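Q: Structure file structure36.cif, mmCIF, C-alpha atoms, is pasted below:
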```cif
data_start
loop_
_atom_site.label_atom_id
_atom_site.label_comp_id
_atom_site.auth_asym_id
_atom_site.auth_seq_id
_atom_site.Cartn_x
_atom_site.Cartn_y
_atom_site.Cartn_z
CA MET A 1 162.83 90.06 55.27
CA ASP A 2 159.09 89.63 54.64
CA LEU A 3 159.76 86.44 52.65
CA LEU A 4 161.78 85.08 55.59
CA PHE A 5 158.89 85.95 57.93
CA LEU A 6 156.51 84.04 55.63
CA MET A 7 158.67 80.91 55.74
CA ILE A 8 158.91 81.18 59.53
CA SER A 9 155.12 81.60 59.59
CA ALA A 10 154.71 78.42 57.51
CA ALA A 11 157.02 76.50 59.87
CA LEU A 12 155.10 77.75 62.93
CA LEU A 13 151.85 76.74 61.21
CA ALA A 14 153.19 73.23 60.68
CA GLY A 15 154.13 73.07 64.36
CA ASP A 16 150.61 74.13 65.27
CA PHE A 17 149.13 71.38 63.05
CA LEU A 18 151.38 68.87 64.79
CA ILE A 19 150.31 70.00 68.25
CA ALA A 20 146.63 70.04 67.25
CA GLY A 21 147.02 66.45 66.02
CA LEU A 22 148.58 65.39 69.32
CA TYR A 23 145.81 67.13 71.27
CA GLN A 24 143.05 65.48 69.23
CA ARG A 25 144.64 62.08 69.74
CA ARG A 26 144.41 62.65 73.49
CA GLU A 27 141.03 64.39 73.71
CA GLY A 28 139.07 63.20 70.66
CA ASN A 29 137.55 65.17 67.77
CA SER A 30 133.84 65.44 68.54
CA PRO A 31 132.27 68.82 67.63
CA GLU A 32 132.09 69.83 71.28
CA LYS A 33 135.75 68.94 71.82
CA VAL A 34 136.76 70.94 68.75
CA PHE A 35 134.86 74.01 69.99
CA ARG A 36 136.43 73.57 73.41
CA PHE A 37 139.84 73.39 71.72
CA ASN A 38 139.16 76.65 69.86
CA PHE A 39 137.76 78.31 72.98
CA PHE A 40 140.90 77.62 74.99
CA ILE A 41 143.17 78.51 72.06
CA GLY A 42 141.39 81.85 71.90
CA LEU A 43 141.63 82.31 75.66
CA PHE A 44 145.37 81.64 75.76
CA SER A 45 145.87 83.87 72.71
CA VAL A 46 144.07 86.75 74.43
CA PHE A 47 146.56 86.67 77.31
CA ILE A 48 149.64 85.97 75.15
CA PHE A 49 149.00 88.76 72.63
CA PHE A 50 147.92 91.24 75.27
CA PHE A 51 151.47 91.00 76.63
CA ILE A 52 153.10 90.79 73.18
CA ASN A 53 151.34 94.08 72.37
CA GLY A 54 152.88 95.65 75.47
CA GLY A 55 149.64 95.65 77.45
CA ARG A 56 148.08 98.15 75.06
CA LEU A 57 144.43 97.82 74.10
CA GLU A 58 143.89 98.96 70.51
CA PHE A 59 140.49 99.09 68.87
CA THR A 60 138.83 100.59 65.83
CA ALA A 61 135.35 99.84 64.58
CA PHE A 62 136.89 98.72 61.27
CA SER A 63 139.19 96.14 62.90
CA GLY A 64 136.48 94.99 65.29
CA ILE A 65 133.98 94.35 62.48
CA LEU A 66 136.55 92.50 60.35
CA ALA A 67 137.63 90.39 63.34
CA LEU A 68 133.98 89.45 63.96
CA VAL A 69 133.28 88.60 60.31
CA MET A 70 136.53 86.69 59.83
CA THR A 71 136.17 84.60 62.98
CA SER A 72 132.51 83.87 62.18
CA LEU A 73 133.53 82.59 58.73
CA ALA A 74 136.19 80.39 60.34
CA ILE A 75 133.66 78.91 62.78
CA LEU A 76 131.19 78.37 59.93
CA TYR A 77 133.69 76.41 57.84
CA THR A 78 134.52 74.40 60.97
CA LEU A 79 130.85 73.48 61.35
CA LEU A 80 130.59 72.50 57.68
CA GLY A 81 133.88 70.66 58.02
CA PHE A 82 132.31 68.42 60.69
CA LYS A 83 129.87 67.12 58.08
CA ILE A 84 132.74 66.33 55.71
CA LEU A 85 134.70 64.64 58.49
CA ALA A 86 131.63 62.64 59.54
CA ALA A 87 131.47 61.25 55.98
CA GLY A 88 135.13 60.20 56.18
CA GLY A 89 136.36 63.02 53.99
CA ILE A 90 139.19 64.33 56.14
CA ALA A 91 141.57 64.35 53.16
CA TYR A 92 139.14 66.40 51.06
CA TYR A 93 138.49 68.74 53.99
CA THR A 94 142.21 69.48 54.31
CA PHE A 95 142.69 69.84 50.55
CA PHE A 96 139.85 72.29 49.91
CA LEU A 97 140.51 74.25 53.10
CA MET A 98 144.20 74.83 52.32
CA THR A 99 143.83 75.49 48.61
CA GLY A 100 140.91 77.87 49.22
CA GLY A 101 143.06 79.90 51.60
CA MET A 102 145.58 80.27 48.78
CA VAL A 103 143.63 80.50 45.50
CA VAL A 104 140.86 82.92 46.53
CA PRO A 105 143.18 85.71 47.81
CA TYR A 106 145.43 85.14 44.77
CA ILE A 107 142.51 85.83 42.42
CA TRP A 108 141.26 88.67 44.65
CA GLY A 109 144.66 90.36 44.46
CA LEU A 110 144.68 90.19 40.67
CA LEU A 111 141.10 91.41 40.23
CA PHE A 112 140.66 94.01 42.95
CA LEU A 113 144.07 95.05 44.27
CA ASP A 114 145.80 95.61 40.91
CA GLU A 115 148.54 93.14 41.77
CA ALA A 116 150.88 92.13 38.98
CA PHE A 117 150.28 88.91 37.07
CA SER A 118 153.19 86.53 36.57
CA TRP A 119 153.20 83.34 34.49
CA LEU A 120 155.85 81.81 36.76
CA ARG A 121 153.70 82.41 39.83
CA LEU A 122 150.64 81.03 38.08
CA ILE A 123 152.63 77.87 37.29
CA GLY A 124 153.76 77.81 40.93
CA LEU A 125 150.15 78.10 42.10
CA LEU A 126 149.09 75.21 39.87
CA LEU A 127 152.00 73.10 41.14
CA ILE A 128 151.01 73.74 44.77
CA VAL A 129 147.37 72.86 44.03
CA GLY A 130 148.52 69.73 42.19
CA SER A 131 150.81 68.75 45.05
CA ALA A 132 148.01 69.24 47.57
CA SER A 133 145.77 66.95 45.51
CA LEU A 134 148.46 64.25 45.62
CA ILE A 135 148.98 64.67 49.36
CA TYR A 136 145.45 65.29 50.63
CA ALA A 137 142.75 64.40 48.09
CA GLY A 138 141.09 61.12 49.03
CA PRO A 139 140.15 58.25 46.70
CA GLN A 140 136.40 58.14 47.48
CA LYS A 141 133.86 59.52 45.02
CA LEU A 142 132.38 62.88 45.98
CA SER A 143 128.58 63.13 46.15
CA PRO A 144 126.86 66.37 45.02
CA LYS A 145 126.28 67.26 48.68
CA MET A 146 129.94 66.68 49.51
CA ILE A 147 131.02 68.77 46.52
CA GLY A 148 128.85 71.62 47.81
CA LEU A 149 130.34 71.39 51.31
CA CYS A 150 133.90 71.28 49.95
CA ALA A 151 133.22 74.29 47.71
CA ALA A 152 131.81 76.17 50.73
CA ILE A 153 134.87 75.63 52.93
CA PHE A 154 137.11 76.49 49.94
CA LEU A 155 135.42 79.88 49.60
CA LEU A 156 135.00 80.55 53.33
CA ASN A 157 138.65 79.98 54.16
CA GLY A 158 139.63 81.90 51.05
CA PHE A 159 137.70 84.95 52.24
CA VAL A 160 139.26 84.62 55.68
CA SER A 161 142.59 85.26 53.92
CA VAL A 162 141.07 88.08 51.85
CA ILE A 163 139.81 89.81 55.00
CA SER A 164 143.26 89.52 56.58
CA LYS A 165 144.82 91.18 53.55
CA GLU A 166 142.21 93.94 53.36
CA HIS A 167 142.69 94.67 57.05
CA GLN A 168 146.43 95.09 56.73
CA ILE A 169 146.31 97.54 53.84
CA SER A 170 143.76 99.83 55.51
CA ASP A 171 144.65 103.05 57.33
CA GLN A 172 141.96 102.19 59.91
CA ALA A 173 143.64 98.94 61.00
CA VAL A 174 145.08 98.30 64.42
CA SER A 175 148.56 96.72 64.75
CA SER A 176 149.07 93.07 63.83
CA ALA A 177 149.43 91.92 67.45
CA ALA A 178 146.30 93.88 68.42
CA TYR A 179 144.33 92.30 65.56
CA VAL A 180 145.37 88.80 66.66
CA PHE A 181 144.16 89.81 70.15
CA LEU A 182 140.81 90.98 68.74
CA THR A 183 140.25 87.81 66.68
CA ALA A 184 141.12 85.71 69.74
CA MET A 185 138.65 87.64 71.87
CA VAL A 186 135.90 87.12 69.28
CA LYS A 187 136.79 83.40 69.14
CA VAL A 188 136.44 83.13 72.93
CA LEU A 189 133.03 84.82 72.90
CA LEU A 190 131.62 82.87 69.94
CA CYS A 191 132.99 79.46 70.89
CA GLY A 192 132.10 80.07 74.53
CA GLY A 193 128.52 80.81 73.50
CA ILE A 194 128.38 77.64 71.39
CA LEU A 195 129.72 75.56 74.28
CA ILE A 196 127.05 77.00 76.60
CA TYR A 197 124.46 76.04 73.98
CA TYR A 198 125.83 72.49 73.83
CA HIS A 199 125.76 72.29 77.63
CA PHE A 200 122.08 73.23 77.97
CA LYS A 201 120.95 71.39 74.85
CA LYS A 202 122.02 68.02 76.20
CA LYS A 203 119.19 66.32 78.02
CA GLU A 204 121.48 63.79 79.62
CA LYS A 205 124.69 65.42 80.72
CA ALA A 206 127.55 62.96 80.80
CA GLU A 207 130.31 63.61 83.26
CA ARG A 208 133.10 65.56 81.63
CA ALA A 209 136.60 64.30 82.23
CA PRO A 210 138.86 67.07 83.53
CA ILE A 211 141.43 68.33 81.04
CA SER A 212 144.94 67.08 81.78
CA GLY A 213 147.98 69.21 82.48
CA LEU A 214 149.66 67.99 79.28
CA SER A 215 146.61 68.99 77.22
CA ILE A 216 146.71 72.46 78.77
CA LEU A 217 150.38 72.78 77.78
CA LEU A 218 149.51 71.66 74.24
CA LEU A 219 146.76 74.27 74.06
CA ALA A 220 149.09 77.02 75.26
CA ALA A 221 151.77 75.98 72.74
CA SER A 222 149.21 75.86 69.93
CA ALA A 223 147.94 79.33 70.82
CA LEU A 224 151.48 80.71 70.78
CA LEU A 225 152.51 79.07 67.49
CA SER A 226 149.28 79.79 65.62
CA GLY A 227 149.14 83.36 66.90
CA LEU A 228 152.75 84.13 65.99
CA SER A 229 152.27 82.49 62.59
CA TYR A 230 149.20 84.62 61.89
CA MET A 231 150.89 87.80 63.14
CA LEU A 232 153.83 87.24 60.79
CA GLN A 233 151.38 86.68 57.92
CA LEU A 234 149.64 89.94 58.78
CA ASN A 235 152.92 91.84 58.90
CA SER A 236 153.93 90.44 55.50
CA ALA A 237 150.49 91.07 54.01
CA ALA A 238 150.93 94.77 54.77
CA ASN A 239 154.01 94.89 52.51
CA LEU A 240 153.64 92.08 49.96
CA PRO A 241 150.91 91.27 47.41
CA ALA A 242 148.28 88.65 48.32
CA THR A 243 149.40 86.81 45.15
CA ILE A 244 152.69 86.11 46.97
CA VAL A 245 151.80 85.88 50.66
CA TYR A 246 149.21 83.11 50.73
CA PRO A 247 150.71 80.71 48.16
CA ILE A 248 154.02 80.83 50.05
CA VAL A 249 152.34 80.21 53.41
CA THR A 250 150.24 77.36 51.98
CA GLY A 251 153.09 75.76 50.04
CA GLY A 252 155.58 76.13 52.87
CA GLY A 253 152.97 74.91 55.36
CA ILE A 254 152.39 71.73 53.35
CA VAL A 255 156.13 70.96 53.10
CA PHE A 256 156.82 71.67 56.77
CA THR A 257 153.72 69.74 57.92
CA VAL A 258 154.73 66.61 56.01
CA ALA A 259 158.28 66.94 57.36
CA ALA A 260 156.97 67.34 60.94
CA GLY A 261 154.77 64.25 60.58
CA TRP A 262 157.73 62.29 59.25
CA ILE A 263 160.12 63.42 62.01
CA PHE A 264 157.88 63.60 65.07
CA LEU A 265 155.00 61.22 64.34
CA LYS A 266 157.06 58.64 62.44
CA GLU A 267 154.68 58.81 59.47
CA LYS A 268 156.59 57.07 56.68
CA PRO A 269 156.15 59.02 53.42
CA THR A 270 154.92 57.19 50.32
CA LYS A 271 156.22 57.81 46.80
CA GLN A 272 153.06 59.78 46.03
CA LEU A 273 153.60 61.90 49.14
CA LEU A 274 157.24 62.59 48.26
CA LEU A 275 156.24 63.56 44.70
CA GLY A 276 153.62 65.92 46.11
CA VAL A 277 156.14 67.53 48.47
CA MET A 278 158.64 67.95 45.65
CA LEU A 279 156.03 69.66 43.42
CA CYS A 280 154.95 71.83 46.33
CA PHE A 281 158.54 72.88 47.06
CA ILE A 282 159.15 73.81 43.41
CA GLY A 283 155.85 75.69 43.24
CA THR A 284 156.64 77.65 46.41
CA CYS A 285 160.11 78.56 45.12
CA LEU A 286 158.51 80.14 42.03
CA PHE A 287 156.96 82.78 44.30
CA ILE A 288 160.24 83.75 45.94
#
```
Now that the file is in, can you turn its structure into structure tokens?
A:
Amino acid sequence: MDLLFLMISAALLAGDFLIAGLYQRREGNSPEKVFRFNFFIGLFSVFIFFFINGGRLEFTAFSGILALVMTSLAILYTLLGFKILAAGGIAYYTFFLMTGGMVVPYIWGLLFLDEAFSWLRLIGLLLIVGSASLIYAGPQKLSPKMIGLCAAIFLLNGFVSVISKEHQISDQAVSSAAYVFLTAMVKVLLCGGILIYYHFKKKEKAERAPISGLSILLLAASALLSGLSYMLQLNSAANLPATIVYPIVTGGGIVFTVAAGWIFLKEKPTKQLLLGVMLCFIGTCLFI
């Protein structure tokens, strides 16, 4: 059942990527717009997961601290990601972000959680990394500065996954829905503070176009899909090794995202893309 939940989580994650892409096409991708996107995602998630959790407010100092650290790391890799995106490295940003969220917790599980090593799963991991390089890695040469930024987001997103795993195996943890609520609340507070900073930093304040009704619906849908996807990952992480959870989510997410782009955005796949998807599918199957 946990493996099924992971595949559903990967599909929901792909749907969230699709919605985020549609939103950014409508609203743009400036740093301020991205923080506003995350602020509203967090705000919708607070309300959605308050009701999903039956209106219960759960809190422990352990979960609160991990939610703060994890969300701060996510915002930090977003800030570093802006520099990569500004240099035209969107493909590298996606590649290092996704593979970091898979490889770091895999190694963490082997070294610190006494999780079993498997040659088949190692081969599967390498296939997923190889497929991601075919799908996402760009052709431009990386400068030393860009290599440093890519390595940073690789590690930061990797430790976001590690924190999620460590939270779920602790006796001091709140429920999965409550933890999604806590991370959303932290996101609202942090991104809200950054937006206030942007507002007062600007010497000349341009008029801000009001957000459209369709964009609000996209934000609400993204909050629901991303929150449910993360909650299913948390539930599975409580029962399955990190060496299984995050490679499956990453591999499945890549396959479903490419399929969603093909079906809904009419993005015609190239031979290289199809080869990457095939390798990713085989690599993911080796974990099941």
Q: For CA of His167 in chain A and CA of Ala242 in chain A, quote the distance in Å rounded to one decimal.
A: 12.0 Å
Q: With only C-alpha atoms as the atoms that count, which of A:Val245, A:Leu97, A:Leu57, A:Leu120 lies nearest to Ser133 in chain A?
A: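 Closest residue, counting only C-alpha atoms: A:Leu97.
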Q: Using only C-alpha atoms, find the one residue out of A:Leu240, A:Ala177, A:Ala74, A:Leu126 that sits nearest to Ile163 in chain A.
A: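 Of A:Leu240, A:Ala177, A:Ala74, A:Leu126, the one nearest Ile163 in chain A is A:Ala74, counting only C-alpha atoms.
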Q: Please provide the set of residues having any atom within 12 Å of Ile75 in chain A, restricted to all atoms listed in the file, with same-chain residues fewer than 6 positions apart removed, written as a PDB file with C-alpha atoms, keeping the file's coordinate frame.
A:
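Result file result-v9.pdb:
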```
ATOM      1  CA  PRO A  31     132.270  68.820  67.630  1.00  0.00           C
ATOM      2  CA  VAL A  34     136.760  70.940  68.750  1.00  0.00           C
ATOM      3  CA  PHE A  35     134.860  74.010  69.990  1.00  0.00           C
ATOM      4  CA  ASN A  38     139.160  76.650  69.860  1.00  0.00           C
ATOM      5  CA  PHE A  39     137.760  78.310  72.980  1.00  0.00           C
ATOM      6  CA  LEU A  68     133.980  89.450  63.960  1.00  0.00           C
ATOM      7  CA  VAL A  69     133.280  88.600  60.310  1.00  0.00           C
ATOM      8  CA  GLY A  81     133.880  70.660  58.020  1.00  0.00           C
ATOM      9  CA  PHE A  82     132.310  68.420  60.690  1.00  0.00           C
ATOM     10  CA  ILE A 153     134.870  75.630  52.930  1.00  0.00           C
ATOM     11  CA  LEU A 156     135.000  80.550  53.330  1.00  0.00           C
ATOM     12  CA  ASN A 157     138.650  79.980  54.160  1.00  0.00           C
ATOM     13  CA  VAL A 160     139.260  84.620  55.680  1.00  0.00           C
ATOM     14  CA  THR A 183     140.250  87.810  66.680  1.00  0.00           C
ATOM     15  CA  VAL A 186     135.900  87.120  69.280  1.00  0.00           C
ATOM     16  CA  LYS A 187     136.790  83.400  69.140  1.00  0.00           C
ATOM     17  CA  VAL A 188     136.440  83.130  72.930  1.00  0.00           C
ATOM     18  CA  LEU A 189     133.030  84.820  72.900  1.00  0.00           C
ATOM     19  CA  LEU A 190     131.620  82.870  69.940  1.00  0.00           C
ATOM     20  CA  CYS A 191     132.990  79.460  70.890  1.00  0.00           C
ATOM     21  CA  GLY A 192     132.100  80.070  74.530  1.00  0.00           C
ATOM     22  CA  ILE A 194     128.380  77.640  71.390  1.00  0.00           C
TER      23      ILE A 194
END
```
Q: Env of Gly138 in chain A: 12 Å cut, atoms = all atoms listed in the file, seq-sep filter 2 positions within chain, self excluded. Answer as a list in words.
A: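 After dropping sequence-adjacent residues, the list is Ile84, Leu85, Ala87, Gly88, Gly89, Ile90, Ala91, Tyr92, Tyr93, Thr94, Phe95, Phe96, Ala132, Ser133, Leu134, Ile135, Tyr136, Gln140, Lys141 and Leu142 of chain A.
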Q: Please evaluate the PyMOL selection byres ((chain A and resi 244) around 10) against the displayed coordinates and give the resulting residues as an MDAnalysis selection string.
A: chainID A and resid 3 6 102 105:106 109 115 121 125 236:237 240:243 245:249 284 286:288
Q: Nearest to Gly227 in chain A among A:Ile107, A:Val180, A:Ile128, A:Ala173, with distances taken over all atoms listed in the file: which residue is it?
A: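 Among the listed residues, the smallest separation from Gly227 in chain A belongs to A:Val180.
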Q: If the PyMOL selection byres ((chain A and resi 255) around 9) is run on the structure shown, which residues does it catch, given as a PyMOL selection string?
A: chain A and resi 10-11+14+250-254+256-260+276-278+280-281
Q: So that I have them on file, write out the residues from the current selection with C-alpha atoms, as an mmCIF file, in the frame of the given file.
A:
```
data_model
loop_
_atom_site.group_PDB
_atom_site.id
_atom_site.type_symbol
_atom_site.label_atom_id
_atom_site.label_comp_id
_atom_site.auth_asym_id
_atom_site.auth_seq_id
_atom_site.Cartn_x
_atom_site.Cartn_y
_atom_site.Cartn_z
ATOM 1 C CA ALA A 10 154.710 78.420 57.510
ATOM 2 C CA ALA A 11 157.020 76.500 59.870
ATOM 3 C CA ALA A 14 153.190 73.230 60.680
ATOM 4 C CA THR A 250 150.240 77.360 51.980
ATOM 5 C CA GLY A 251 153.090 75.760 50.040
ATOM 6 C CA GLY A 252 155.580 76.130 52.870
ATOM 7 C CA GLY A 253 152.970 74.910 55.360
ATOM 8 C CA ILE A 254 152.390 71.730 53.350
ATOM 9 C CA PHE A 256 156.820 71.670 56.770
ATOM 10 C CA THR A 257 153.720 69.740 57.920
ATOM 11 C CA VAL A 258 154.730 66.610 56.010
ATOM 12 C CA ALA A 259 158.280 66.940 57.360
ATOM 13 C CA ALA A 260 156.970 67.340 60.940
ATOM 14 C CA GLY A 276 153.620 65.920 46.110
ATOM 15 C CA VAL A 277 156.140 67.530 48.470
ATOM 16 C CA MET A 278 158.640 67.950 45.650
ATOM 17 C CA CYS A 280 154.950 71.830 46.330
ATOM 18 C CA PHE A 281 158.540 72.880 47.060
#
```
Q: Could you list the residues chosen by the PyMOL selection byres ((chain A and resi 16) around 6) in this structure as a ChimeraX atom specification?
A: /A:13-15,17-19,222,225-226
Q: Quick check, in Å to one decimal: how far apart do CA of Leu195 in chain A and CA of Leu80 in chain A lie?
A: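 Distance between the two atoms: 16.9 Å.
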Q: Go ahead and compute the interatomic distance for CA of Met98 in chain A and CA of Thr78 in chain A, in Å to one decimal.
A: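 Computing it gives 13.0 Å between the two atoms.
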Q: Taking all atoms listed in the file into account, which of A:Ala178, A:Phe264, A:Gly213, A:Ile196 comes nearest Asn53 in chain A?
A: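 Answer, going by the shortest atom-to-atom distance: A:Ala178.
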Q: Find the residue from A:Tyr179, A:Phe159, A:Trp262, A:Phe200 that sits nearest to Met70 in chain A; use all atoms listed in the file when measuring.
A: A:Phe159
Q: Closest to Arg56 in chain A among A:Phe154, A:Tyr77, A:Ser175, A:Phe112, using all atoms listed in the file?
A: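 Looking at the shortest contact to Arg56 in chain A, the residue is A:Ser175.
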Q: Since the input has fewer atoms than a full residue there, write range 24-46 of chain A out with N, CA and C atoms, as an mmCIF file, in the frame of the given file.
A:
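selection-v5.cif, freshly written:
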```
data_model
loop_
_atom_site.group_PDB
_atom_site.id
_atom_site.type_symbol
_atom_site.label_atom_id
_atom_site.label_comp_id
_atom_site.auth_asym_id
_atom_site.auth_seq_id
_atom_site.Cartn_x
_atom_site.Cartn_y
_atom_site.Cartn_z
ATOM 1 N N GLN A 24 144.244 66.225 69.634
ATOM 2 C CA GLN A 24 143.050 65.480 69.230
ATOM 3 C C GLN A 24 143.201 63.987 69.480
ATOM 4 N N ARG A 25 144.420 63.482 69.410
ATOM 5 C CA ARG A 25 144.640 62.080 69.740
ATOM 6 C C ARG A 25 144.337 61.808 71.215
ATOM 7 N N ARG A 26 144.629 62.804 72.051
ATOM 8 C CA ARG A 26 144.410 62.650 73.490
ATOM 9 C C ARG A 26 142.949 62.913 73.873
ATOM 10 N N GLU A 27 142.337 63.917 73.250
ATOM 11 C CA GLU A 27 141.030 64.390 73.710
ATOM 12 C C GLU A 27 139.865 63.983 72.815
ATOM 13 N N GLY A 28 140.150 63.522 71.581
ATOM 14 C CA GLY A 28 139.070 63.200 70.660
ATOM 15 C C GLY A 28 138.757 64.361 69.736
ATOM 16 N N ASN A 29 137.856 64.129 68.760
ATOM 17 C CA ASN A 29 137.550 65.170 67.770
ATOM 18 C C ASN A 29 136.052 65.361 67.565
ATOM 19 N N SER A 30 135.268 65.167 68.629
ATOM 20 C CA SER A 30 133.840 65.440 68.540
ATOM 21 C C SER A 30 133.641 66.948 68.365
ATOM 22 N N PRO A 31 132.490 67.383 67.804
ATOM 23 C CA PRO A 31 132.270 68.820 67.630
ATOM 24 C C PRO A 31 132.459 69.615 68.917
ATOM 25 N N GLU A 32 131.949 69.102 70.019
ATOM 26 C CA GLU A 32 132.090 69.830 71.280
ATOM 27 C C GLU A 32 133.547 69.949 71.692
ATOM 28 N N LYS A 33 134.331 68.893 71.474
ATOM 29 C CA LYS A 33 135.750 68.940 71.820
ATOM 30 C C LYS A 33 136.493 69.933 70.931
ATOM 31 N N VAL A 34 136.104 70.004 69.657
ATOM 32 C CA VAL A 34 136.760 70.940 68.750
ATOM 33 C C VAL A 34 136.458 72.388 69.149
ATOM 34 N N PHE A 35 135.200 72.654 69.536
ATOM 35 C CA PHE A 35 134.860 74.010 69.990
ATOM 36 C C PHE A 35 135.573 74.334 71.303
ATOM 37 N N ARG A 36 135.702 73.341 72.160
ATOM 38 C CA ARG A 36 136.430 73.570 73.410
ATOM 39 C C ARG A 36 137.895 73.864 73.121
ATOM 40 N N PHE A 37 138.455 73.142 72.143
ATOM 41 C CA PHE A 37 139.840 73.390 71.720
ATOM 42 C C PHE A 37 139.987 74.835 71.250
ATOM 43 N N ASN A 38 139.077 75.282 70.381
ATOM 44 C CA ASN A 38 139.160 76.650 69.860
ATOM 45 C C ASN A 38 138.920 77.693 70.938
ATOM 46 N N PHE A 39 138.029 77.378 71.886
ATOM 47 C CA PHE A 39 137.760 78.310 72.980
ATOM 48 C C PHE A 39 139.032 78.545 73.800
ATOM 49 N N PHE A 40 139.710 77.472 74.169
ATOM 50 C CA PHE A 40 140.900 77.620 74.990
ATOM 51 C C PHE A 40 142.070 78.218 74.209
ATOM 52 N N ILE A 41 142.156 77.882 72.905
ATOM 53 C CA ILE A 41 143.170 78.510 72.060
ATOM 54 C C ILE A 41 142.954 80.027 72.059
ATOM 55 N N GLY A 42 141.704 80.429 71.877
ATOM 56 C CA GLY A 42 141.390 81.850 71.900
ATOM 57 C C GLY A 42 141.710 82.483 73.243
ATOM 58 N N LEU A 43 141.397 81.776 74.323
ATOM 59 C CA LEU A 43 141.630 82.310 75.660
ATOM 60 C C LEU A 43 143.124 82.504 75.919
ATOM 61 N N PHE A 44 143.924 81.504 75.594
ATOM 62 C CA PHE A 44 145.370 81.640 75.760
ATOM 63 C C PHE A 44 145.915 82.758 74.866
ATOM 64 N N SER A 45 145.391 82.844 73.643
ATOM 65 C CA SER A 45 145.870 83.870 72.710
ATOM 66 C C SER A 45 145.575 85.272 73.220
ATOM 67 N N VAL A 46 144.428 85.450 73.862
ATOM 68 C CA VAL A 46 144.070 86.750 74.430
ATOM 69 C C VAL A 46 145.153 87.209 75.407
#
```
